[in-house]
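K.L.:
PDB, C-alpha atoms and all ligand atoms, file structure32.pdb:
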```pdb
ATOM      1  CA  MET A  16      -7.485   2.415 -24.536  1.00  0.00           C
ATOM      2  CA  THR A  17     -10.554   3.290 -26.520  1.00  0.00           C
ATOM      3  CA  ASP A  18     -11.408   4.617 -29.974  1.00  0.00           C
ATOM      4  CA  ILE A  19     -13.490   7.470 -28.583  1.00  0.00           C
ATOM      5  CA  PRO A  20     -11.958  10.633 -30.092  1.00  0.00           C
ATOM      6  CA  VAL A  21     -10.478  13.360 -27.896  1.00  0.00           C
ATOM      7  CA  LEU A  22      -9.377  16.923 -28.592  1.00  0.00           C
ATOM      8  CA  THR A  23      -7.055  18.278 -25.877  1.00  0.00           C
ATOM      9  CA  ILE A  24      -6.378  21.994 -25.415  1.00  0.00           C
ATOM     10  CA  ASP A  25      -3.645  22.678 -22.872  1.00  0.00           C
ATOM     11  CA  GLY A  26      -2.041  25.924 -21.880  1.00  0.00           C
ATOM     12  CA  PRO A  27      -1.461  28.406 -19.082  1.00  0.00           C
ATOM     13  CA  SER A  28      -4.096  30.310 -17.184  1.00  0.00           C
ATOM     14  CA  GLY A  29      -5.953  32.887 -19.282  1.00  0.00           C
ATOM     15  CA  SER A  30      -4.727  31.616 -22.655  1.00  0.00           C
ATOM     16  CA  GLY A  31      -8.336  31.275 -23.829  1.00  0.00           C
ATOM     17  CA  LYS A  32      -8.248  27.474 -23.802  1.00  0.00           C
ATOM     18  CA  GLY A  33     -11.502  27.130 -21.829  1.00  0.00           C
ATOM     19  CA  THR A  34     -13.469  29.358 -24.196  1.00  0.00           C
ATOM     20  CA  VAL A  35     -12.103  27.644 -27.306  1.00  0.00           C
ATOM     21  CA  ALA A  36     -12.650  24.181 -25.799  1.00  0.00           C
ATOM     22  CA  GLN A  37     -16.293  24.970 -25.023  1.00  0.00           C
ATOM     23  CA  LEU A  38     -16.854  26.367 -28.531  1.00  0.00           C
ATOM     24  CA  MET A  39     -15.275  23.265 -30.072  1.00  0.00           C
ATOM     25  CA  ALA A  40     -17.355  20.927 -27.880  1.00  0.00           C
ATOM     26  CA  LYS A  41     -20.491  22.726 -29.037  1.00  0.00           C
ATOM     27  CA  LYS A  42     -19.436  22.661 -32.702  1.00  0.00           C
ATOM     28  CA  LEU A  43     -18.540  18.964 -32.661  1.00  0.00           C
ATOM     29  CA  GLY A  44     -21.412  17.948 -30.358  1.00  0.00           C
ATOM     30  CA  TRP A  45     -18.892  16.331 -27.995  1.00  0.00           C
ATOM     31  CA  HIS A  46     -18.671  16.208 -24.207  1.00  0.00           C
ATOM     32  CA  TYR A  47     -16.592  18.823 -22.416  1.00  0.00           C
ATOM     33  CA  LEU A  48     -14.245  18.460 -19.445  1.00  0.00           C
ATOM     34  CA  ASP A  49     -12.796  21.513 -17.699  1.00  0.00           C
ATOM     35  CA  SER A  50     -10.069  19.643 -15.788  1.00  0.00           C
ATOM     36  CA  GLY A  51      -8.945  22.772 -13.935  1.00  0.00           C
ATOM     37  CA  ALA A  52     -12.390  22.963 -12.323  1.00  0.00           C
ATOM     38  CA  ILE A  53     -11.739  19.592 -10.645  1.00  0.00           C
ATOM     39  CA  TYR A  54      -8.558  20.945  -8.998  1.00  0.00           C
ATOM     40  CA  ARG A  55     -10.378  24.143  -8.091  1.00  0.00           C
ATOM     41  CA  VAL A  56     -13.220  22.195  -6.423  1.00  0.00           C
ATOM     42  CA  LEU A  57     -10.781  19.977  -4.535  1.00  0.00           C
ATOM     43  CA  ALA A  58      -8.988  23.058  -3.169  1.00  0.00           C
ATOM     44  CA  GLN A  59     -12.367  24.546  -2.233  1.00  0.00           C
ATOM     45  CA  ALA A  60     -13.325  21.328  -0.417  1.00  0.00           C
ATOM     46  CA  ALA A  61     -10.011  21.453   1.467  1.00  0.00           C
ATOM     47  CA  ILE A  62     -10.636  25.047   2.556  1.00  0.00           C
ATOM     48  CA  LYS A  63     -14.220  24.166   3.544  1.00  0.00           C
ATOM     49  CA  HIS A  64     -13.066  21.227   5.698  1.00  0.00           C
ATOM     50  CA  ASN A  65      -9.968  22.976   7.117  1.00  0.00           C
ATOM     51  CA  VAL A  66      -7.514  20.637   5.404  1.00  0.00           C
ATOM     52  CA  ASP A  67      -4.014  22.016   4.842  1.00  0.00           C
ATOM     53  CA  LEU A  68      -3.314  22.589   1.109  1.00  0.00           C
ATOM     54  CA  ALA A  69      -0.008  20.701   1.520  1.00  0.00           C
ATOM     55  CA  ASP A  70      -1.460  17.622   3.298  1.00  0.00           C
ATOM     56  CA  GLU A  71      -0.971  15.219   0.399  1.00  0.00           C
ATOM     57  CA  GLU A  72      -2.455  12.098   2.029  1.00  0.00           C
ATOM     58  CA  LYS A  73      -5.639  13.764   3.258  1.00  0.00           C
ATOM     59  CA  LEU A  74      -6.076  15.618  -0.036  1.00  0.00           C
ATOM     60  CA  SER A  75      -5.668  12.467  -2.109  1.00  0.00           C
ATOM     61  CA  ASP A  76      -8.265  10.689   0.095  1.00  0.00           C
ATOM     62  CA  MET A  77     -10.582  13.637  -0.465  1.00  0.00           C
ATOM     63  CA  ALA A  78      -9.882  13.525  -4.210  1.00  0.00           C
ATOM     64  CA  GLU A  79     -10.941   9.846  -4.339  1.00  0.00           C
ATOM     65  CA  SER A  80     -14.319  10.547  -2.770  1.00  0.00           C
ATOM     66  CA  LEU A  81     -14.916  14.116  -3.933  1.00  0.00           C
ATOM     67  CA  ASP A  82     -18.678  14.735  -4.218  1.00  0.00           C
ATOM     68  CA  LEU A  83     -18.561  16.769  -7.420  1.00  0.00           C
ATOM     69  CA  VAL A  84     -21.221  17.246 -10.108  1.00  0.00           C
ATOM     70  CA  PHE A  85     -20.799  19.184 -13.370  1.00  0.00           C
ATOM     71  CA  SER A  86     -23.784  20.262 -15.437  1.00  0.00           C
ATOM     72  CA  LEU A  87     -24.443  22.733 -18.210  1.00  0.00           C
ATOM     73  CA  ASN A  88     -26.943  25.569 -17.889  1.00  0.00           C
ATOM     74  CA  GLY A  89     -27.022  26.989 -21.409  1.00  0.00           C
ATOM     75  CA  GLU A  90     -23.427  28.141 -21.935  1.00  0.00           C
ATOM     76  CA  SER A  91     -22.482  28.139 -18.242  1.00  0.00           C
ATOM     77  CA  LEU A  92     -20.793  25.292 -16.445  1.00  0.00           C
ATOM     78  CA  ILE A  93     -22.519  24.663 -13.114  1.00  0.00           C
ATOM     79  CA  VAL A  94     -20.306  23.028 -10.495  1.00  0.00           C
ATOM     80  CA  LEU A  95     -21.757  21.442  -7.355  1.00  0.00           C
ATOM     81  CA  LEU A  96     -19.561  20.495  -4.390  1.00  0.00           C
ATOM     82  CA  GLU A  97     -21.448  18.330  -1.882  1.00  0.00           C
ATOM     83  CA  GLY A  98     -24.673  19.658  -3.424  1.00  0.00           C
ATOM     84  CA  GLU A  99     -23.643  23.310  -3.032  1.00  0.00           C
ATOM     85  CA  ASP A 100     -23.271  25.535  -6.114  1.00  0.00           C
ATOM     86  CA  VAL A 101     -19.617  26.687  -6.093  1.00  0.00           C
ATOM     87  CA  SER A 102     -19.519  27.750  -9.779  1.00  0.00           C
ATOM     88  CA  LEU A 103     -18.663  31.368  -8.983  1.00  0.00           C
ATOM     89  CA  LEU A 104     -16.620  30.747  -5.831  1.00  0.00           C
ATOM     90  CA  ILE A 105     -14.070  28.548  -7.632  1.00  0.00           C
ATOM     91  CA  ARG A 106     -13.357  31.197 -10.316  1.00  0.00           C
ATOM     92  CA  SER A 107     -11.549  33.689  -8.077  1.00  0.00           C
ATOM     93  CA  GLU A 108      -7.776  34.144  -8.379  1.00  0.00           C
ATOM     94  CA  GLN A 109      -7.364  32.814  -4.823  1.00  0.00           C
ATOM     95  CA  ALA A 110      -9.224  29.649  -5.829  1.00  0.00           C
ATOM     96  CA  GLY A 111      -6.956  29.306  -8.894  1.00  0.00           C
ATOM     97  CA  ASN A 112      -3.877  29.652  -6.740  1.00  0.00           C
ATOM     98  CA  ALA A 113      -5.140  27.154  -4.184  1.00  0.00           C
ATOM     99  CA  ALA A 114      -5.919  24.761  -7.071  1.00  0.00           C
ATOM    100  CA  SER A 115      -2.396  25.158  -8.417  1.00  0.00           C
ATOM    101  CA  LYS A 116      -0.991  24.180  -4.979  1.00  0.00           C
ATOM    102  CA  VAL A 117      -3.043  20.993  -4.580  1.00  0.00           C
ATOM    103  CA  ALA A 118      -2.377  20.149  -8.255  1.00  0.00           C
ATOM    104  CA  ALA A 119       1.375  19.953  -7.587  1.00  0.00           C
ATOM    105  CA  LEU A 120       0.890  16.911  -5.302  1.00  0.00           C
ATOM    106  CA  PRO A 121       1.532  13.595  -7.117  1.00  0.00           C
ATOM    107  CA  LEU A 122      -0.920  11.501  -5.034  1.00  0.00           C
ATOM    108  CA  VAL A 123      -3.687  14.016  -5.726  1.00  0.00           C
ATOM    109  CA  ARG A 124      -3.075  13.871  -9.484  1.00  0.00           C
ATOM    110  CA  ALA A 125      -3.059  10.072  -9.427  1.00  0.00           C
ATOM    111  CA  ALA A 126      -6.330   9.999  -7.461  1.00  0.00           C
ATOM    112  CA  LEU A 127      -8.033  12.232 -10.051  1.00  0.00           C
ATOM    113  CA  LEU A 128      -6.961  10.313 -13.161  1.00  0.00           C
ATOM    114  CA  ASN A 129      -9.881   7.859 -13.342  1.00  0.00           C
ATOM    115  CA  ARG A 130     -12.386  10.620 -12.720  1.00  0.00           C
ATOM    116  CA  GLN A 131     -11.028  12.450 -15.788  1.00  0.00           C
ATOM    117  CA  HIS A 132     -10.937   9.299 -17.926  1.00  0.00           C
ATOM    118  CA  ASP A 133     -14.644   8.744 -17.138  1.00  0.00           C
ATOM    119  CA  PHE A 134     -15.474  11.823 -19.223  1.00  0.00           C
ATOM    120  CA  ARG A 135     -14.301  10.050 -22.375  1.00  0.00           C
ATOM    121  CA  GLN A 136     -17.723   9.109 -23.706  1.00  0.00           C
ATOM    122  CA  LEU A 137     -19.167   8.833 -27.200  1.00  0.00           C
ATOM    123  CA  PRO A 138     -19.353  10.693 -29.526  1.00  0.00           C
ATOM    124  CA  GLY A 139     -16.137  12.369 -28.255  1.00  0.00           C
ATOM    125  CA  LEU A 140     -14.526  14.631 -25.677  1.00  0.00           C
ATOM    126  CA  VAL A 141     -13.032  18.110 -25.775  1.00  0.00           C
ATOM    127  CA  THR A 142     -10.977  18.867 -22.692  1.00  0.00           C
ATOM    128  CA  ASP A 143      -8.750  21.662 -21.471  1.00  0.00           C
ATOM    129  CA  GLY A 144      -6.075  21.823 -18.777  1.00  0.00           C
ATOM    130  CA  ARG A 145      -2.329  21.527 -18.303  1.00  0.00           C
ATOM    131  CA  ASP A 146      -1.587  17.832 -18.908  1.00  0.00           C
ATOM    132  CA  MET A 147      -4.512  16.620 -21.005  1.00  0.00           C
ATOM    133  CA  GLY A 148      -2.328  15.909 -24.042  1.00  0.00           C
ATOM    134  CA  THR A 149       0.754  14.754 -22.133  1.00  0.00           C
ATOM    135  CA  VAL A 150      -0.598  12.575 -19.301  1.00  0.00           C
ATOM    136  CA  VAL A 151      -4.365  12.158 -19.102  1.00  0.00           C
ATOM    137  CA  PHE A 152      -5.195  11.524 -22.787  1.00  0.00           C
ATOM    138  CA  PRO A 153      -1.779  10.935 -24.413  1.00  0.00           C
ATOM    139  CA  ASP A 154      -3.439   8.983 -27.247  1.00  0.00           C
ATOM    140  CA  ALA A 155      -5.697  11.906 -28.266  1.00  0.00           C
ATOM    141  CA  LYS A 156      -5.538  12.437 -32.019  1.00  0.00           C
ATOM    142  CA  HIS A 157      -5.926  16.201 -31.848  1.00  0.00           C
ATOM    143  CA  LYS A 158      -3.815  18.227 -29.425  1.00  0.00           C
ATOM    144  CA  VAL A 159      -3.472  21.975 -29.156  1.00  0.00           C
ATOM    145  CA  TYR A 160      -1.179  23.973 -26.884  1.00  0.00           C
ATOM    146  CA  LEU A 161      -2.426  27.535 -26.527  1.00  0.00           C
ATOM    147  CA  THR A 162      -0.289  30.334 -25.101  1.00  0.00           C
ATOM    148  CA  ALA A 163      -0.299  34.144 -24.911  1.00  0.00           C
ATOM    149  CA  SER A 164       1.898  36.702 -23.149  1.00  0.00           C
ATOM    150  CA  ALA A 165       1.336  37.077 -19.395  1.00  0.00           C
ATOM    151  CA  ARG A 166       0.234  40.709 -19.880  1.00  0.00           C
ATOM    152  CA  VAL A 167      -2.436  39.854 -22.436  1.00  0.00           C
ATOM    153  CA  ARG A 168      -3.647  36.958 -20.308  1.00  0.00           C
ATOM    154  CA  ALA A 169      -3.917  39.275 -17.300  1.00  0.00           C
ATOM    155  CA  GLU A 170      -5.960  41.742 -19.374  1.00  0.00           C
ATOM    156  CA  ARG A 171      -8.302  38.976 -20.514  1.00  0.00           C
ATOM    157  CA  ARG A 172      -8.668  37.657 -16.965  1.00  0.00           C
ATOM    158  CA  TYR A 173      -9.462  41.171 -15.762  1.00  0.00           C
ATOM    159  CA  LYS A 174     -12.296  41.449 -18.296  1.00  0.00           C
ATOM    160  CA  GLN A 175     -13.654  37.980 -17.469  1.00  0.00           C
ATOM    161  CA  LEU A 176     -13.667  38.727 -13.742  1.00  0.00           C
ATOM    162  CA  LYS A 177     -15.302  42.094 -14.330  1.00  0.00           C
ATOM    163  CA  GLU A 178     -18.091  40.426 -16.335  1.00  0.00           C
ATOM    164  CA  LYS A 179     -18.676  38.174 -13.324  1.00  0.00           C
ATOM    165  CA  GLY A 180     -18.840  41.230 -11.058  1.00  0.00           C
ATOM    166  CA  ILE A 181     -15.424  40.534  -9.471  1.00  0.00           C
ATOM    167  CA  GLU A 182     -13.152  43.602  -9.180  1.00  0.00           C
ATOM    168  CA  SER A 183      -9.384  43.106  -9.668  1.00  0.00           C
ATOM    169  CA  ASN A 184      -6.137  44.871 -10.648  1.00  0.00           C
ATOM    170  CA  ILE A 185      -4.327  44.053 -13.922  1.00  0.00           C
ATOM    171  CA  SER A 186      -0.749  44.320 -12.602  1.00  0.00           C
ATOM    172  CA  ALA A 187      -1.576  42.194  -9.557  1.00  0.00           C
ATOM    173  CA  LEU A 188      -3.268  39.684 -11.867  1.00  0.00           C
ATOM    174  CA  GLU A 189      -0.186  39.569 -14.112  1.00  0.00           C
ATOM    175  CA  ALA A 190       2.053  38.864 -11.101  1.00  0.00           C
ATOM    176  CA  GLU A 191      -0.316  36.117  -9.877  1.00  0.00           C
ATOM    177  CA  ILE A 192      -0.524  34.602 -13.357  1.00  0.00           C
ATOM    178  CA  SER A 193       3.283  34.500 -13.666  1.00  0.00           C
ATOM    179  CA  GLU A 194       3.596  32.929 -10.224  1.00  0.00           C
ATOM    180  CA  ARG A 195       1.007  30.282 -11.120  1.00  0.00           C
ATOM    181  CA  ASP A 196       2.708  29.613 -14.497  1.00  0.00           C
ATOM    182  CA  ASP A 197       5.986  29.015 -12.638  1.00  0.00           C
ATOM    183  CA  ARG A 198       4.412  26.612 -10.148  1.00  0.00           C
ATOM    184  CA  ASP A 199       2.462  24.735 -12.843  1.00  0.00           C
ATOM    185  CA  SER A 200       5.407  24.409 -15.212  1.00  0.00           C
ATOM    186  CA  GLN A 201       8.122  23.635 -12.662  1.00  0.00           C
ATOM    187  CA  ARG A 202       6.400  20.921 -10.651  1.00  0.00           C
ATOM    188  CA  ASP A 203       7.824  17.385 -10.859  1.00  0.00           C
ATOM    189  CA  VAL A 204       4.655  15.629 -11.917  1.00  0.00           C
ATOM    190  CA  ALA A 205       2.661  16.422 -15.077  1.00  0.00           C
ATOM    191  CA  PRO A 206       4.120  19.925 -15.518  1.00  0.00           C
ATOM    192  CA  LEU A 207       2.576  22.392 -17.912  1.00  0.00           C
ATOM    193  CA  ARG A 208       4.242  21.816 -21.288  1.00  0.00           C
ATOM    194  CA  PRO A 209       3.178  21.033 -24.835  1.00  0.00           C
ATOM    195  CA  ALA A 210       2.871  17.385 -25.846  1.00  0.00           C
ATOM    196  CA  ILE A 211       5.425  16.575 -28.558  1.00  0.00           C
ATOM    197  CA  ASP A 212       2.577  16.007 -30.997  1.00  0.00           C
ATOM    198  CA  ALA A 213       0.620  19.147 -30.040  1.00  0.00           C
ATOM    199  CA  VAL A 214       0.047  22.039 -32.435  1.00  0.00           C
ATOM    200  CA  GLU A 215       1.280  25.183 -30.675  1.00  0.00           C
ATOM    201  CA  LEU A 216      -0.688  28.403 -31.080  1.00  0.00           C
ATOM    202  CA  ASP A 217       0.264  31.800 -29.669  1.00  0.00           C
ATOM    203  CA  SER A 218      -2.902  33.841 -29.214  1.00  0.00           C
ATOM    204  CA  THR A 219      -1.213  37.040 -27.954  1.00  0.00           C
ATOM    205  CA  SER A 220      -2.407  38.999 -30.955  1.00  0.00           C
ATOM    206  CA  MET A 221      -5.248  36.711 -32.073  1.00  0.00           C
ATOM    207  CA  GLY A 222      -8.885  37.132 -31.132  1.00  0.00           C
ATOM    208  CA  ILE A 223     -10.792  34.138 -29.789  1.00  0.00           C
ATOM    209  CA  GLU A 224     -12.669  33.794 -33.106  1.00  0.00           C
ATOM    210  CA  ALA A 225      -9.383  33.408 -35.022  1.00  0.00           C
ATOM    211  CA  VAL A 226      -8.141  30.779 -32.568  1.00  0.00           C
ATOM    212  CA  PHE A 227     -11.462  28.936 -32.842  1.00  0.00           C
ATOM    213  CA  GLU A 228     -11.231  28.945 -36.636  1.00  0.00           C
ATOM    214  CA  HIS A 229      -7.662  27.670 -36.539  1.00  0.00           C
ATOM    215  CA  VAL A 230      -8.552  24.824 -34.167  1.00  0.00           C
ATOM    216  CA  SER A 231     -11.651  24.017 -36.263  1.00  0.00           C
ATOM    217  CA  THR A 232      -9.404  23.641 -39.321  1.00  0.00           C
ATOM    218  CA  LEU A 233      -7.098  21.282 -37.394  1.00  0.00           C
ATOM    219  CA  CYS A 234     -10.111  19.144 -36.555  1.00  0.00           C
ATOM    220  CA  ALA A 235     -11.600  19.240 -40.049  1.00  0.00           C
ATOM    221  CA  ASP A 236     -11.200  15.442 -40.386  1.00  0.00           C
ATOM    222  CA  VAL A 237     -13.419  14.698 -37.367  1.00  0.00           C
TER
HETATM  223  O1  LIG B 301      -7.272  25.885 -15.862  1.00  0.00           O
HETATM  224  P1  LIG B 301      -7.455  26.503 -14.496  1.00  0.00           P
HETATM  225  O2  LIG B 301      -6.840  27.866 -14.373  1.00  0.00           O
HETATM  226  O3  LIG B 301      -8.888  26.487 -14.049  1.00  0.00           O
HETATM  227  O4  LIG B 301      -6.648  25.534 -13.474  1.00  0.00           O
HETATM  228  C1  LIG B 301      -6.482  25.849 -12.116  1.00  0.00           C
HETATM  229  C2  LIG B 301      -5.206  25.179 -11.606  1.00  0.00           C
HETATM  230  O5  LIG B 301      -5.382  23.756 -11.609  1.00  0.00           O
HETATM  231  C3  LIG B 301      -3.951  25.436 -12.434  1.00  0.00           C
HETATM  232  O6  LIG B 301      -3.217  26.548 -11.968  1.00  0.00           O
HETATM  233  C4  LIG B 301      -3.160  24.165 -12.307  1.00  0.00           C
HETATM  234  C5  LIG B 301      -4.176  23.105 -12.014  1.00  0.00           C
HETATM  235  N1  LIG B 301      -4.446  22.235 -13.163  1.00  0.00           N
HETATM  236  C6  LIG B 301      -3.568  21.211 -13.381  1.00  0.00           C
HETATM  237  O7  LIG B 301      -2.571  21.076 -12.673  1.00  0.00           O
HETATM  238  N2  LIG B 301      -3.809  20.305 -14.365  1.00  0.00           N
HETATM  239  C7  LIG B 301      -4.880  20.442 -15.166  1.00  0.00           C
HETATM  240  N3  LIG B 301      -5.090  19.542 -16.120  1.00  0.00           N
HETATM  241  C8  LIG B 301      -5.766  21.526 -14.995  1.00  0.00           C
HETATM  242  C9  LIG B 301      -5.508  22.428 -13.986  1.00  0.00           C
END
```
Will you turn the file into structure tokens for me?
Ligand code: DC

P.N.:
Amino acid sequence: MTDIPVLTIDGPSGSGKGTVAQLMAKKLGWHYLDSGAIYRVLAQAAIKHNVDLADEEKLSDMAESLDLVFSLNGESLIVLLEGEDVSLLIRSEQAGNAASKVAALPLVRAALLNRQHDFRQLPGLVTDGRDMGTVVFPDAKHKVYLTASARVRAERRYKQLKEKGIESNISALEAEISERDDRDSQRDVAPLRPAIDAVELDSTSMGIEAVFEHVSTLCADV
């Protein structure tokens, strides 16, 4: 255990947690960990090396030695897998689904724990994911659980993808989002759920600015 402060923002896909986490990291001057990106990169590495997404032993070995580098280019998170820029590739819905499959494997989650803990550096860490407040940083002082209806999350995802030049369909996105929610919340290990000491926020009818202000108020003592 360490005294280095952590703010965790957990929630389902498209809840806005990544955007709010990045804004908070910038405001506080803290480090930022997008834990979902680690699962996305691992799934991408598996696809690249023809490893079955259900092969738990091989995937956990890969997770231990995953050649992954995160860096910031202005506001954008750059993700390198084995030196190759996969920042855009890992953001597709297929990549999210593949990530959700490898993330359900207990040995994979265990293999990625230390890698996530390494991000806890001074002056502090803001991190988003599914189990940041429950499993990875249970001693975090500030925990938020952000939700929104599946429809609204699908609409937001549609806009995000469009901005990145990726065409999609809102109803198909909503179905994929619901399927991923089910897998992430029903798995045996580290399922998606609020920590008992998390502040729950429903952003269905809140803009990102309002959520950011609310979370800023929660962290006013930092
Ligand atoms: O946050 P995201 O959509 O980029 O995450 C992609 C998948 O990775 C998500 O469907 C489940 C998994 N994940 C997880 O199991 N635990 C985390 N802390 C973060 C993501």

K.L.:
Atom CA of Arg124 of chain A and atom CA of Gly29 of chain A are how many Å apart?

P.N.:
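Atom CA of Gly29 of chain A lies at a distance of 21.6 Å from atom CA of Arg124 of chain A.
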
K.L.:
Compile the contact shell of segment 225-230 of chain A as a PyMOL selection string: residues with an atom at most 9 Å away, counting only C-alpha atoms, same-chain residues fewer than 6 positions apart removed.

P.N.:
chain A and resi 31+34-36+38-39+159+161+216-218

K.L.:
Give me the residues of chain A that have any atom at most 7 Å from an atom of ligand LIG 301 (chain B); for each, the nearest atom pair and the distance in Å, rounded to one decimal. Use all atoms listed in the file, sort by chain and number, and format it as JSON lines.

P.N.:
```
{"residue": "A:Ser28", "atom": "CA", "partner": "B:LIG301", "partner_atom": "O2", "distance": 4.6}
{"residue": "A:Ser50", "atom": "CA", "partner": "B:LIG301", "partner_atom": "C8", "distance": 4.8}
{"residue": "A:Gly51", "atom": "CA", "partner": "B:LIG301", "partner_atom": "C9", "distance": 3.5}
{"residue": "A:Ala52", "atom": "CA", "partner": "B:LIG301", "partner_atom": "O3", "distance": 5.3}
{"residue": "A:Tyr54", "atom": "CA", "partner": "B:LIG301", "partner_atom": "O5", "distance": 5.0}
{"residue": "A:Arg55", "atom": "CA", "partner": "B:LIG301", "partner_atom": "C1", "distance": 5.9}
{"residue": "A:Gly111", "atom": "CA", "partner": "B:LIG301", "partner_atom": "C1", "distance": 4.7}
{"residue": "A:Asn112", "atom": "CA", "partner": "B:LIG301", "partner_atom": "O6", "distance": 6.1}
{"residue": "A:Ala114", "atom": "CA", "partner": "B:LIG301", "partner_atom": "C2", "distance": 4.6}
{"residue": "A:Ser115", "atom": "CA", "partner": "B:LIG301", "partner_atom": "O6", "distance": 3.9}
{"residue": "A:Ala118", "atom": "CA", "partner": "B:LIG301", "partner_atom": "O7", "distance": 4.5}
{"residue": "A:Ala119", "atom": "CA", "partner": "B:LIG301", "partner_atom": "O7", "distance": 6.5}
{"residue": "A:Asp143", "atom": "CA", "partner": "B:LIG301", "partner_atom": "N3", "distance": 6.8}
{"residue": "A:Gly144", "atom": "CA", "partner": "B:LIG301", "partner_atom": "N3", "distance": 3.6}
{"residue": "A:Arg145", "atom": "CA", "partner": "B:LIG301", "partner_atom": "N3", "distance": 4.0}
{"residue": "A:Asp146", "atom": "CA", "partner": "B:LIG301", "partner_atom": "N3", "distance": 4.8}
{"residue": "A:Met147", "atom": "CA", "partner": "B:LIG301", "partner_atom": "N3", "distance": 5.7}
{"residue": "A:Arg195", "atom": "CA", "partner": "B:LIG301", "partner_atom": "O6", "distance": 5.7}
{"residue": "A:Asp199", "atom": "CA", "partner": "B:LIG301", "partner_atom": "C4", "distance": 5.7}
```

K.L.:
Set the distance at 8 Å and use only C-alpha atoms: which residues neighbour Val21 of chain A once local chain neighbours fewer than 5 positions away are removed? I'd like the list as a PyMOL selection string.

P.N.:
chain A and resi 135+139-142+152+155-157

K.L.:
Using atom CA of Ala163 of chain A and atom CA of Ser102 of chain A as the two end points, give the distance in Å to one decimal.

P.N.:
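Separation between atom CA of Ala163 of chain A and atom CA of Ser102 of chain A: 25.3 Å.
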
K.L.:
Might you pull out every residue within 10 Å of Asp70 of chain A, with all atoms listed in the file counted and same-chain residues fewer than 3 positions away left off, and present them as a PyMOL selection string?

P.N.:
chain A and resi 61+66-67+73-75+117+120+123
